[in-house]
$ cat input-v7.cif   # mmCIF, C-alpha atoms
data_target
#
loop_
_atom_site.label_atom_id
_atom_site.label_comp_id
_atom_site.auth_asym_id
_atom_site.auth_seq_id
_atom_site.Cartn_x
_atom_site.Cartn_y
_atom_site.Cartn_z
CA MET A 5 4.78 44.06 132.22
CA THR A 6 4.20 47.60 131.05
CA LEU A 7 7.12 49.77 130.09
CA HIS A 8 7.23 53.52 129.87
CA HIS A 9 4.38 55.28 128.18
CA GLY A 10 2.12 52.25 127.99
CA ILE A 11 4.46 50.06 125.91
CA ASP A 12 3.99 46.44 126.88
CA GLU A 13 7.04 44.16 127.14
CA GLN A 14 5.27 41.29 125.42
CA ASN A 15 4.06 43.50 122.59
CA LEU A 16 7.59 44.81 122.23
CA ARG A 17 8.76 41.30 121.44
CA ARG A 18 6.06 40.78 118.85
CA GLU A 19 6.51 43.95 116.86
CA PRO A 20 8.25 43.96 113.45
CA LEU A 21 11.43 45.56 114.84
CA ALA A 22 11.90 42.64 117.18
CA GLU A 23 11.38 40.12 114.40
CA LEU A 24 13.83 41.99 112.20
CA LEU A 25 16.53 42.15 114.84
CA LYS A 26 16.08 38.51 115.75
CA ARG A 27 16.23 37.41 112.13
CA GLU A 28 19.37 39.40 111.48
CA ALA A 29 21.03 38.04 114.59
CA GLU A 30 20.24 34.50 113.48
CA ALA A 31 21.76 35.19 110.05
CA GLU A 32 25.10 36.26 111.51
CA ARG A 33 25.16 33.64 114.25
CA PRO A 34 28.57 31.89 114.40
CA ALA A 35 28.82 28.16 113.85
CA PHE A 36 29.52 25.75 116.67
CA SER A 37 33.25 25.24 116.98
CA GLU A 38 34.48 21.80 118.03
CA ASP A 39 37.92 23.27 118.49
CA LEU A 40 36.69 25.90 120.94
CA TYR A 41 34.51 23.29 122.63
CA GLY A 42 37.55 21.07 123.14
CA ARG A 43 39.63 23.93 124.47
CA ILE A 44 36.95 24.85 126.98
CA LEU A 45 36.60 21.30 128.27
CA ASN A 46 40.38 20.90 128.42
CA GLN A 47 40.61 24.04 130.47
CA VAL A 48 38.12 22.81 133.05
CA GLY A 49 39.87 19.47 133.30
CA ILE A 50 38.04 17.24 130.88
CA PRO A 51 40.78 16.15 128.45
CA GLY A 52 39.93 14.65 125.09
CA ALA A 53 40.47 11.01 126.07
CA GLU A 54 38.03 11.27 128.93
CA ARG A 55 35.47 13.26 126.88
CA ALA A 56 34.93 10.21 124.73
CA HIS A 57 33.65 8.33 127.74
CA LEU A 58 31.29 11.08 128.86
CA PHE A 59 28.81 10.26 126.17
CA SER A 60 29.53 6.55 125.70
CA SER A 61 26.70 4.05 125.99
CA GLY A 62 24.99 4.62 129.27
CA LYS A 63 28.09 5.54 131.19
CA SER A 64 28.94 8.80 132.79
CA ARG A 65 32.20 9.82 134.28
CA LEU A 66 31.84 9.75 138.04
CA SER A 67 33.09 12.50 140.21
CA PHE A 68 35.59 11.77 142.94
CA LYS A 69 32.86 12.03 145.54
CA GLN A 70 30.71 9.51 143.70
CA ILE A 71 33.63 7.13 143.33
CA ALA A 72 34.32 7.40 147.05
CA TRP A 73 30.71 6.53 147.84
CA VAL A 74 30.87 3.52 145.51
CA VAL A 75 34.05 2.26 147.19
CA LEU A 76 32.52 2.74 150.64
CA ALA A 77 29.36 0.93 149.65
CA THR A 78 31.36 -1.95 148.17
CA TYR A 79 33.44 -2.26 151.32
CA ALA A 80 30.33 -2.23 153.50
CA SER A 81 28.77 -4.93 151.32
CA VAL A 82 31.85 -7.14 151.58
CA VAL A 83 31.93 -6.78 155.35
CA THR A 84 28.21 -7.52 155.59
CA VAL A 85 28.58 -10.63 153.44
CA ALA A 86 31.49 -11.83 155.54
CA ILE A 87 29.50 -11.41 158.73
CA LEU A 88 26.51 -13.15 157.22
CA MET A 89 28.69 -16.03 156.10
CA GLN A 90 30.00 -16.38 159.63
CA VAL A 91 26.48 -16.36 161.02
CA VAL A 92 25.30 -18.89 158.46
CA GLN A 93 28.29 -21.04 159.17
CA ARG A 94 27.54 -21.00 162.84
CA SER A 95 23.89 -21.65 162.25
CA GLY A 96 24.74 -24.57 160.02
CA TRP A 97 27.05 -25.92 162.66
CA PHE A 98 24.35 -25.48 165.24
CA HIS A 99 21.88 -27.11 162.95
CA ARG A 100 23.92 -30.26 162.85
CA GLN A 101 23.76 -30.28 166.65
CA HIS A 102 20.04 -29.72 166.48
CA ILE A 103 19.53 -32.91 164.55
CA GLU A 104 20.90 -34.82 167.54
CA VAL A 105 19.09 -32.59 170.04
CA SER A 106 15.79 -33.30 168.33
CA GLY A 107 16.53 -36.95 168.64
CA ILE A 108 17.23 -36.75 172.38
CA ALA A 109 14.47 -34.14 172.95
CA GLY A 110 15.33 -32.15 176.08
CA GLU A 111 18.19 -34.35 177.21
CA ASN A 112 20.68 -32.56 179.39
CA LEU A 113 23.80 -31.77 177.43
CA ASN A 114 25.98 -32.27 180.47
CA GLU A 115 25.00 -35.85 180.77
CA PRO A 116 27.40 -38.32 179.21
CA ARG A 117 26.51 -39.24 175.71
CA GLN A 118 25.13 -42.71 175.21
CA GLU A 119 27.25 -45.10 173.31
CA LYS A 120 26.75 -45.33 169.62
CA GLY A 121 24.38 -48.06 168.62
CA SER A 122 22.70 -48.40 172.01
CA GLY A 123 19.12 -49.53 171.95
CA SER A 124 17.65 -46.48 173.61
CA ASP A 125 19.21 -44.17 171.04
CA VAL A 126 17.71 -46.17 168.22
CA ASN A 127 14.29 -45.88 169.83
CA LEU A 128 14.47 -42.06 170.06
CA VAL A 129 14.32 -41.75 166.32
CA HIS A 130 12.47 -44.82 165.33
CA GLY A 131 9.90 -44.24 168.06
CA LYS A 132 8.58 -40.98 166.59
CA PRO A 133 6.43 -40.40 163.56
CA PRO A 134 8.18 -38.58 160.71
CA THR A 135 6.22 -35.35 161.08
CA GLU A 136 7.06 -35.08 164.76
CA ALA A 137 10.68 -35.74 164.03
CA ILE A 138 10.75 -32.96 161.47
CA GLU A 139 9.03 -30.56 163.86
CA ASP A 140 11.69 -31.35 166.43
CA LEU A 141 14.34 -30.68 163.84
CA VAL A 142 12.84 -27.30 162.99
CA SER A 143 12.50 -26.20 166.61
CA ALA A 144 15.83 -27.61 167.70
CA PRO A 145 17.98 -24.68 166.52
CA ASP A 146 16.43 -22.24 168.94
CA ARG A 147 16.90 -24.58 171.88
CA THR A 148 20.44 -25.33 170.94
CA ILE A 149 21.31 -21.67 170.41
CA GLN A 150 19.96 -20.85 173.84
CA GLN A 151 21.92 -23.64 175.44
CA VAL A 152 25.11 -22.70 173.70
CA GLN A 153 24.61 -19.03 174.56
CA ILE A 154 24.19 -19.97 178.19
CA ALA A 155 27.35 -22.02 178.05
CA LEU A 156 29.26 -19.26 176.29
CA SER A 157 28.09 -16.63 178.74
CA GLU A 158 29.20 -18.87 181.57
CA ILE A 159 32.54 -19.29 179.89
CA ASP A 160 32.85 -15.57 179.36
CA ARG A 161 32.02 -14.83 182.96
CA GLN A 162 34.61 -17.15 184.33
CA ARG A 163 37.17 -16.85 181.58
CA TRP A 164 39.87 -15.10 183.51
CA ALA A 165 39.45 -17.06 186.68
CA ASN A 166 38.76 -20.45 185.30
CA LEU A 167 40.27 -20.70 181.87
CA ASP A 168 41.38 -24.31 182.01
CA ASN A 169 38.01 -25.40 183.29
CA ASP A 170 36.36 -23.40 180.55
CA LEU A 171 38.43 -25.13 177.95
CA ARG A 172 37.42 -28.46 179.33
CA LEU A 173 33.77 -27.47 179.31
CA ALA A 174 34.01 -26.21 175.76
CA GLY A 175 35.63 -29.42 174.71
CA GLU A 176 32.89 -31.47 176.35
CA LEU A 177 30.25 -29.30 174.74
CA LEU A 178 31.76 -29.79 171.35
CA HIS A 179 32.02 -33.50 171.89
CA GLN A 180 28.39 -33.66 172.98
CA GLN A 181 27.18 -31.58 170.03
CA LEU A 182 28.81 -33.70 167.38
CA PRO A 183 26.00 -35.83 165.88
CA TRP A 184 27.88 -39.11 165.61
CA GLY A 185 24.90 -41.26 166.48
CA VAL A 186 22.25 -39.23 164.67
CA LEU A 187 24.11 -39.18 161.42
CA SER A 188 24.46 -42.93 161.37
CA ARG A 189 20.84 -43.38 162.37
CA ALA A 190 19.70 -40.89 159.74
CA GLU A 191 21.34 -42.93 157.06
CA SER A 192 19.78 -46.19 158.16
CA SER A 193 16.36 -44.85 159.25
CA GLN A 194 13.28 -44.92 157.01
CA VAL A 195 11.87 -41.55 158.13
CA GLU A 196 9.77 -40.16 155.34
CA THR A 197 8.85 -36.58 154.92
CA PRO A 198 5.22 -35.74 154.37
CA MET B 23 18.11 5.69 125.65
CA SER B 24 21.79 6.60 125.52
CA HIS B 25 23.34 8.82 128.14
CA LEU B 26 23.77 11.63 125.61
CA ALA B 27 20.12 11.46 124.64
CA SER B 28 19.09 11.62 128.28
CA LEU B 29 21.26 14.72 128.83
CA THR B 30 19.80 16.55 125.87
CA SER B 31 16.33 16.06 127.30
CA LEU B 32 17.22 17.87 130.53
CA THR B 33 16.64 21.58 131.06
CA ASP B 34 19.53 23.96 131.56
CA GLU B 35 18.64 24.25 135.23
CA GLN B 36 18.65 20.48 135.70
CA LEU B 37 22.01 20.19 133.98
CA ALA B 38 23.40 22.99 136.12
CA GLU B 39 22.24 21.24 139.25
CA GLN B 40 23.92 18.01 138.18
CA ALA B 41 27.06 19.86 137.19
CA GLN B 42 27.05 21.50 140.59
CA MET B 43 27.11 18.02 142.12
CA GLY B 44 30.09 17.09 140.01
CA CYS B 45 28.63 15.63 136.83
CA LEU B 46 31.12 16.60 134.15
CA ALA B 47 28.94 15.29 131.35
CA SER B 48 26.22 17.75 132.39
CA PHE B 49 28.67 20.62 132.34
CA ALA B 50 29.91 19.57 128.92
CA GLU B 51 26.33 19.59 127.66
CA LEU B 52 25.86 23.13 129.03
CA VAL B 53 29.00 24.21 127.20
CA ARG B 54 27.62 22.66 124.02
CA ARG B 55 24.36 24.60 124.41
CA TYR B 56 25.80 27.96 125.39
CA GLN B 57 29.03 28.14 123.43
CA VAL B 58 27.44 29.80 120.40
CA PRO B 59 25.18 32.29 122.25
CA VAL B 60 28.03 33.37 124.51
CA LEU B 61 30.51 33.59 121.63
CA HIS B 62 28.01 35.55 119.55
CA PHE B 63 27.43 37.99 122.40
CA LEU B 64 31.15 38.42 123.05
CA GLN B 65 31.93 38.85 119.36
CA ARG B 66 29.83 42.00 119.60
CA LYS B 67 31.89 43.09 122.56
CA CYS B 68 35.29 42.45 121.06
CA ARG B 69 37.11 43.77 118.06
CA SER B 70 38.44 40.39 116.97
CA SER B 71 37.08 36.86 116.79
CA THR B 72 40.19 35.51 118.49
CA ASP B 73 39.63 37.72 121.50
CA ALA B 74 35.97 36.73 121.55
CA GLU B 75 36.93 33.06 121.67
CA ASP B 76 39.41 33.69 124.47
CA LEU B 77 36.75 35.52 126.46
CA THR B 78 34.30 32.70 125.78
CA GLN B 79 36.79 30.23 127.20
CA GLU B 80 37.29 32.41 130.23
CA THR B 81 33.53 32.74 130.69
CA PHE B 82 33.02 28.99 130.86
CA LEU B 83 36.00 28.55 133.13
CA ARG B 84 34.43 31.04 135.54
CA ILE B 85 31.07 29.32 135.22
CA PHE B 86 32.72 26.02 136.11
CA ARG B 87 34.50 27.49 139.11
CA LYS B 88 31.45 29.36 140.31
CA LEU B 89 28.96 26.53 139.93
CA SER B 90 28.67 26.34 143.70
CA HIS B 91 27.35 29.92 143.60
CA TYR B 92 24.55 29.02 141.23
CA ARG B 93 21.21 28.91 143.02
CA VAL B 94 19.54 25.63 142.05
CA GLY B 95 16.31 26.22 140.22
CA ALA B 96 17.05 29.81 139.27
CA PRO B 97 17.09 30.62 135.53
CA PHE B 98 20.45 29.57 134.19
CA ARG B 99 20.62 31.72 131.05
CA PRO B 100 20.76 35.11 132.82
CA TRP B 101 23.43 33.73 135.12
CA VAL B 102 25.57 32.73 132.15
CA PHE B 103 25.26 36.15 130.52
CA THR B 104 25.98 37.91 133.78
CA ILE B 105 29.32 36.15 133.89
CA ALA B 106 29.94 36.73 130.19
CA TYR B 107 29.15 40.44 130.52
CA ARG B 108 31.51 40.82 133.48
CA VAL B 109 34.25 38.90 131.69
CA ALA B 110 33.92 41.35 128.79
CA LEU B 111 34.07 44.33 131.16
CA ASN B 112 37.10 42.92 132.95
CA GLY B 113 38.77 42.26 129.63
CA MET B 114 38.30 45.86 128.67
CA ARG B 115 39.45 47.25 131.99
CA GLY B 116 42.48 45.00 132.10
CA HIS B 117 43.27 45.85 128.48
CA ARG B 118 43.93 42.17 127.93
CA TYR B 119 41.49 42.10 125.07
CA SER B 120 40.52 44.64 122.50
CA THR B 121 36.92 45.12 123.52
CA VAL B 122 34.48 47.83 122.65
CA GLY B 123 34.55 50.29 125.54
CA GLU B 124 31.55 51.49 127.43
CA ASN B 125 32.15 55.08 126.45
CA GLU B 126 32.86 54.61 122.79
CA LYS B 127 30.98 53.29 119.85
CA SER B 128 32.45 50.54 117.77
CA SER B 129 35.49 51.68 115.88
CA ARG B 130 34.73 49.12 113.23
CA ILE B 131 31.70 51.07 112.20
CA THR B 132 32.52 54.20 110.31
CA GLN B 133 29.33 55.07 108.58
CA VAL B 134 26.01 53.90 109.87
CA ASP B 135 24.27 55.07 106.74
CA SER B 136 26.32 52.91 104.44
CA LEU B 137 25.73 49.95 106.67
CA LEU B 138 22.03 50.47 106.65
CA GLU B 139 22.08 50.80 102.91
CA ASP B 140 23.18 47.22 102.45
CA ALA B 141 22.20 45.89 105.84
CA GLU B 142 19.53 43.64 104.51
CA GLU B 143 21.70 42.00 101.84
CA ASN B 144 24.86 41.67 103.88
CA HIS B 145 23.29 41.01 107.23
CA ARG B 146 25.04 43.91 108.89
CA LEU B 147 22.03 45.39 110.60
CA TRP B 148 23.47 44.67 113.98
CA ASP B 149 26.66 46.46 113.01
CA ALA B 150 24.55 49.52 112.35
CA VAL B 151 22.65 49.03 115.59
CA GLN B 152 25.88 48.78 117.52
CA ALA B 153 27.19 51.93 115.88
CA GLU B 154 24.03 53.83 116.71
CA LEU B 155 23.71 52.82 120.37
CA SER B 156 25.94 53.17 123.39
CA PRO B 157 27.56 49.91 124.59
CA ILE B 158 25.19 49.51 127.51
CA GLN B 159 22.19 50.30 125.31
CA PHE B 160 23.42 47.75 122.81
CA THR B 161 23.85 45.12 125.55
CA ALA B 162 20.32 45.67 126.81
CA VAL B 163 18.88 45.53 123.29
CA TRP B 164 20.86 42.37 122.46
CA LEU B 165 19.82 40.57 125.62
CA PHE B 166 16.21 41.64 125.16
CA TYR B 167 15.70 40.87 121.49
CA VAL B 168 18.24 38.09 120.80
CA GLU B 169 18.53 36.23 124.10
CA GLU B 170 14.96 37.11 125.11
CA LEU B 171 15.77 37.87 128.71
CA SER B 172 13.20 39.71 130.76
CA ILE B 173 13.62 43.28 131.97
CA ARG B 174 14.36 42.01 135.45
CA GLN B 175 16.98 39.55 134.19
CA ILE B 176 18.67 42.18 132.04
CA ALA B 177 18.80 44.48 135.05
CA ALA B 178 20.59 41.75 137.01
CA VAL B 179 23.04 41.12 134.18
CA ILE B 180 24.14 44.71 133.63
CA GLY B 181 23.77 45.79 137.24
CA LYS B 182 21.09 48.40 136.71
CA SER B 183 17.62 48.88 138.10
CA GLU B 184 14.61 47.62 136.18
CA SER B 185 13.49 51.18 135.68
CA ALA B 186 16.85 52.07 134.19
CA VAL B 187 16.67 49.09 131.82
CA LYS B 188 13.19 50.10 130.74
CA THR B 189 14.45 53.57 129.96
CA ILE B 190 17.42 52.19 128.04
CA LEU B 191 15.22 49.91 125.96
CA CYS B 192 12.69 52.59 125.21
CA ARG B 193 15.28 55.09 124.05
CA ALA B 194 17.19 52.48 122.06
CA ARG B 195 14.03 51.34 120.36
CA LYS B 196 13.01 54.83 119.38
CA VAL B 197 16.43 55.56 117.96
CA LEU B 198 16.42 52.36 115.95
CA VAL B 199 12.93 52.78 114.59
CA HIS B 200 13.62 56.38 113.66
CA ARG B 201 16.87 55.54 111.94
CA LEU B 202 15.73 52.42 110.19
CA ARG B 203 12.50 53.87 108.88
CA ALA B 204 14.53 56.40 106.93
CA TYR B 205 15.53 53.62 104.60
CA ALA B 206 13.20 52.10 102.13
CA LYS B 207 13.98 48.61 103.24
CA PHE B 208 12.76 49.28 106.73
CA ASN B 209 10.13 51.94 106.25
CA THR B 210 7.42 49.45 106.96
CA LEU B 211 8.32 49.47 110.62
CA PRO B 212 5.16 50.65 112.39
CA VAL B 213 4.94 53.71 114.54
CA SER B 214 3.81 53.18 118.10
CA GLU B 215 1.03 55.26 119.61
CA ASP B 216 3.61 56.94 121.75
CA GLU B 217 5.66 58.05 118.78
CA ALA B 218 2.61 59.16 116.85
CA VAL B 219 1.62 61.50 119.67
CA SER B 220 5.07 62.85 120.47
CA PRO B 221 7.87 61.33 118.41
CA GLU B 222 10.49 63.81 119.65
CA ARG B 223 9.75 63.42 123.37
CA HIS B 224 12.86 61.37 123.87
#
$ encode --input "input-v7.cif" --output "structure tokens"
Amino acid sequence: MTLHHGIDEQNLRREPLAELLKREAEAERPAFSEDLYGRILNQVGIPGAERAHLFSSGKSRLSFKQIAWVVLATYASVVTVAILMQVVQRSGWFHRQHIEVSGIAGENLNEPRQEKGSGSDVNLVHGKPPTEAIEDLVSAPDRTIQQVQIALSEIDRQRWANLDNDLRLAGELLHQQLPWGVLSRAESSQVETP
Amino acid sequence: MSHLASLTSLTDEQLAEQAQMGCLASFAELVRRYQVPVLHFLQRKCRSSTDAEDLTQETFLRIFRKLSHYRVGAPFRPWVFTIAYRVALNGMRGHRYSTVGENEKSSRITQVDSLLEDAEENHRLWDAVQAELSPIQFTAVWLFYVEELSIRQIAAVIGKSESAVKTILCRARKVLVHRLRAYAKFNTLPVSEDEAVSPERH
């Protein structure tokens, strides 16, 4: 940048006068004052006790806004975990039903359960190779979820008009889903995983 | 790397941006960096060190309160000195502090000649400069030579046009060179082409 009469700003900074003035200013420069520093930070709301934490190992004092975001994120995480736990719990509950469903492949849930220890029940498990049994186990959850969803939607549709009947249906469903026979057969069977 | 070490590696503008978002540690680091330059500048504006410290405190308090006004990415140094300069002016107008007025030279300086005589030994050259120049000339010279602000930045700080700042600097420089060269200690200061052709033009 050119100043008046052809004097260049950059050259102005490099001339001896500039060096002299800069050197003299440096010589009279005041020292850093911790006392003044503390007073300034106190005045803007950073008291001494908190200042110590500003520069502690890897930690920085969070602003109110940042703290609020952290609290919100924590709350959202807790809620998410709770929901996931509920879902997992339900899935696990369904999975226990699926073990029985895989054993009675496609059997209508509304049909009365066969008595424990009956011959046909024993054949359902013992009659299948291990790999096929495992495949049934893996695919059973989806079938069971669909069946339960159908039942629940039916219950929900008729809930106000048919509450007692719904309760009875729910009870029967629960009774049918409990894997009494499968659990005992699983313990005594010799199904081997590949 | 500790948090302090990471802060010291940031630029002033980065620290200002973080401070604007509420990071107190960043603001504290800015205070650490600018306390001495601001205090030094205000010591030249005030008649006492105590008043200079008070004005320094007030400057940083205003900086803290006006952080939302800082334009992220803009040079931070001129912004600091703009606030410091206005704090000094307000202190003078409000008579709260004993500052050097805009229409008077420093009352501390009685004889420029005697100051220049021992300026080199006693480091009082700037006292002589301040005695020789008007307050606004002195501010422009200080910001240009000591804080190394550009012409445009100085114009923003003191509220003048760039052309006016150029004129101020040119005249101040000529006065200083002319005065200082009269003394043996400073007679090695070179003469510019402009002065060689017409030293008395200004």
$ atom_distance --input "input-v7.cif" --atom1 "atom CA of B:Met114" --atom2 "atom CA of B:Asp76"
12.9 Å
$ atom_distance --input "input-v7.cif" --atom1 "atom CA of B:Ile85" --atom2 "atom CA of B:Glu170"
20.6 Å
$ resolve_selection --input "input-v7.cif" --expression "the PyMOL selection byres ((chain B and resi 98-109) around 9)" --output "VMD selection string"
chain B and resid 34 to 35 38 56 60 63 to 64 67 77 to 78 80 to 82 84 to 85 92 to 97 110 to 114 161 165 169 171 175 to 176 178 to 181
$ atom_distance --input "input-v7.cif" --atom1 "atom CA of B:Ser71" --atom2 "atom CA of B:Leu52"
21.5 Å
$ resolve_selection --input "input-v7.cif" --expression "the PyMOL selection byres ((chain A and resi 15-26) around 8)" --output "JSON list (two decimals) with C-alpha atoms, in the coordinates of the input"
[["chain", "number", "residue", "atom", "x", "y", "z"],
["A", 11, "ILE", "CA", 4.46, 50.06, 125.91],
["A", 12, "ASP", "CA", 3.99, 46.44, 126.88],
["A", 13, "GLU", "CA", 7.04, 44.16, 127.14],
["A", 14, "GLN", "CA", 5.27, 41.29, 125.42],
["A", 27, "ARG", "CA", 16.23, 37.41, 112.13],
["A", 28, "GLU", "CA", 19.37, 39.40, 111.48],
["A", 29, "ALA", "CA", 21.03, 38.04, 114.59],
["A", 30, "GLU", "CA", 20.24, 34.50, 113.48],
["B", 147, "LEU", "CA", 22.03, 45.39, 110.60],
["B", 148, "TRP", "CA", 23.47, 44.67, 113.98],
["B", 167, "TYR", "CA", 15.70, 40.87, 121.49],
["B", 168, "VAL", "CA", 18.24, 38.09, 120.80],
["B", 199, "VAL", "CA", 12.93, 52.78, 114.59],
["B", 211, "LEU", "CA", 8.32, 49.47, 110.62],
["B", 212, "PRO", "CA", 5.16, 50.65, 112.39]]
$ resolve_selection --input "input-v7.cif" --expression "the PyMOL selection byres ((chain A and resi 43) around 12)" --output "PyMOL selection string"
(chain A and resi 37-42+44-52+55) or (chain B and resi 50+53+57+75-76+78-80+82-83)
$ closest_residue --input "input-v7.cif" --among "B:Arg66, B:Arg115, B:Ser183, B:Lys88" --to "B:Pro157" --atoms "only C-alpha atoms"
B:Arg66
$ residues_around --input "input-v7.cif" --residues "B:Val58" --least-positions-apart "6" --cutoff "8 Å" --atoms "all atoms listed in the file" --output "PyMOL selection string"
chain A and resi 33-36
$ write_last_selection --input "input-v7.cif" --atoms "C-alpha atoms" --output "PDB file, keeping the file's coordinate frame"
ATOM      1  CA  ARG A  33      25.160  33.640 114.250  1.00  0.00           C
ATOM      2  CA  PRO A  34      28.570  31.890 114.400  1.00  0.00           C
ATOM      3  CA  ALA A  35      28.820  28.160 113.850  1.00  0.00           C
ATOM      4  CA  PHE A  36      29.520  25.750 116.670  1.00  0.00           C
TER       5      PHE A  36
END
$ decode --input "input-v7.cif" --residues "stretch 58-69 of chain B" --atoms "N, CA and C atoms" --output "PDB file, in the first residue's frame"
ATOM      1  N   VAL B  58      -1.165  -7.418  28.597  1.00  0.00           N
ATOM      2  CA  VAL B  58      -0.004  -6.525  28.534  1.00  0.00           C
ATOM      3  C   VAL B  58      -0.114  -5.518  27.395  1.00  0.00           C
ATOM      4  N   PRO B  59      -0.445  -5.920  26.161  1.00  0.00           N
ATOM      5  CA  PRO B  59      -0.562  -4.909  25.100  1.00  0.00           C
ATOM      6  C   PRO B  59      -1.619  -3.842  25.407  1.00  0.00           C
ATOM      7  N   VAL B  60      -2.757  -4.279  25.948  1.00  0.00           N
ATOM      8  CA  VAL B  60      -3.810  -3.310  26.252  1.00  0.00           C
ATOM      9  C   VAL B  60      -3.372  -2.390  27.389  1.00  0.00           C
ATOM     10  N   LEU B  61      -2.784  -2.969  28.424  1.00  0.00           N
ATOM     11  CA  LEU B  61      -2.313  -2.175  29.560  1.00  0.00           C
ATOM     12  C   LEU B  61      -1.246  -1.182  29.113  1.00  0.00           C
ATOM     13  N   HIS B  62      -0.334  -1.646  28.278  1.00  0.00           N
ATOM     14  CA  HIS B  62       0.734  -0.778  27.780  1.00  0.00           C
ATOM     15  C   HIS B  62       0.151   0.391  26.996  1.00  0.00           C
ATOM     16  N   PHE B  63      -0.806   0.109  26.147  1.00  0.00           N
ATOM     17  CA  PHE B  63      -1.468   1.147  25.355  1.00  0.00           C
ATOM     18  C   PHE B  63      -2.185   2.139  26.264  1.00  0.00           C
ATOM     19  N   LEU B  64      -2.907   1.623  27.262  1.00  0.00           N
ATOM     20  CA  LEU B  64      -3.679   2.509  28.138  1.00  0.00           C
ATOM     21  C   LEU B  64      -2.790   3.263  29.128  1.00  0.00           C
ATOM     22  N   GLN B  65      -1.636   2.717  29.444  1.00  0.00           N
ATOM     23  CA  GLN B  65      -0.697   3.461  30.290  1.00  0.00           C
ATOM     24  C   GLN B  65      -0.255   4.745  29.602  1.00  0.00           C
ATOM     25  N   ARG B  66      -0.218   4.709  28.275  1.00  0.00           N
ATOM     26  CA  ARG B  66       0.146   5.895  27.506  1.00  0.00           C
ATOM     27  C   ARG B  66      -1.019   6.863  27.419  1.00  0.00           C
ATOM     28  N   LYS B  67      -2.198   6.374  27.740  1.00  0.00           N
ATOM     29  CA  LYS B  67      -3.377   7.222  27.672  1.00  0.00           C
ATOM     30  C   LYS B  67      -3.740   7.813  29.027  1.00  0.00           C
ATOM     31  N   CYS B  68      -3.202   7.232  30.073  1.00  0.00           N
ATOM     32  CA  CYS B  68      -3.566   7.658  31.418  1.00  0.00           C
ATOM     33  C   CYS B  68      -2.373   8.303  32.107  1.00  0.00           C
ATOM     34  N   ARG B  69      -2.696   9.017  33.146  1.00  0.00           N
ATOM     35  CA  ARG B  69      -1.626   9.687  33.901  1.00  0.00           C
ATOM     36  C   ARG B  69      -1.106   8.811  35.028  1.00  0.00           C
TER      37      ARG B  69
END
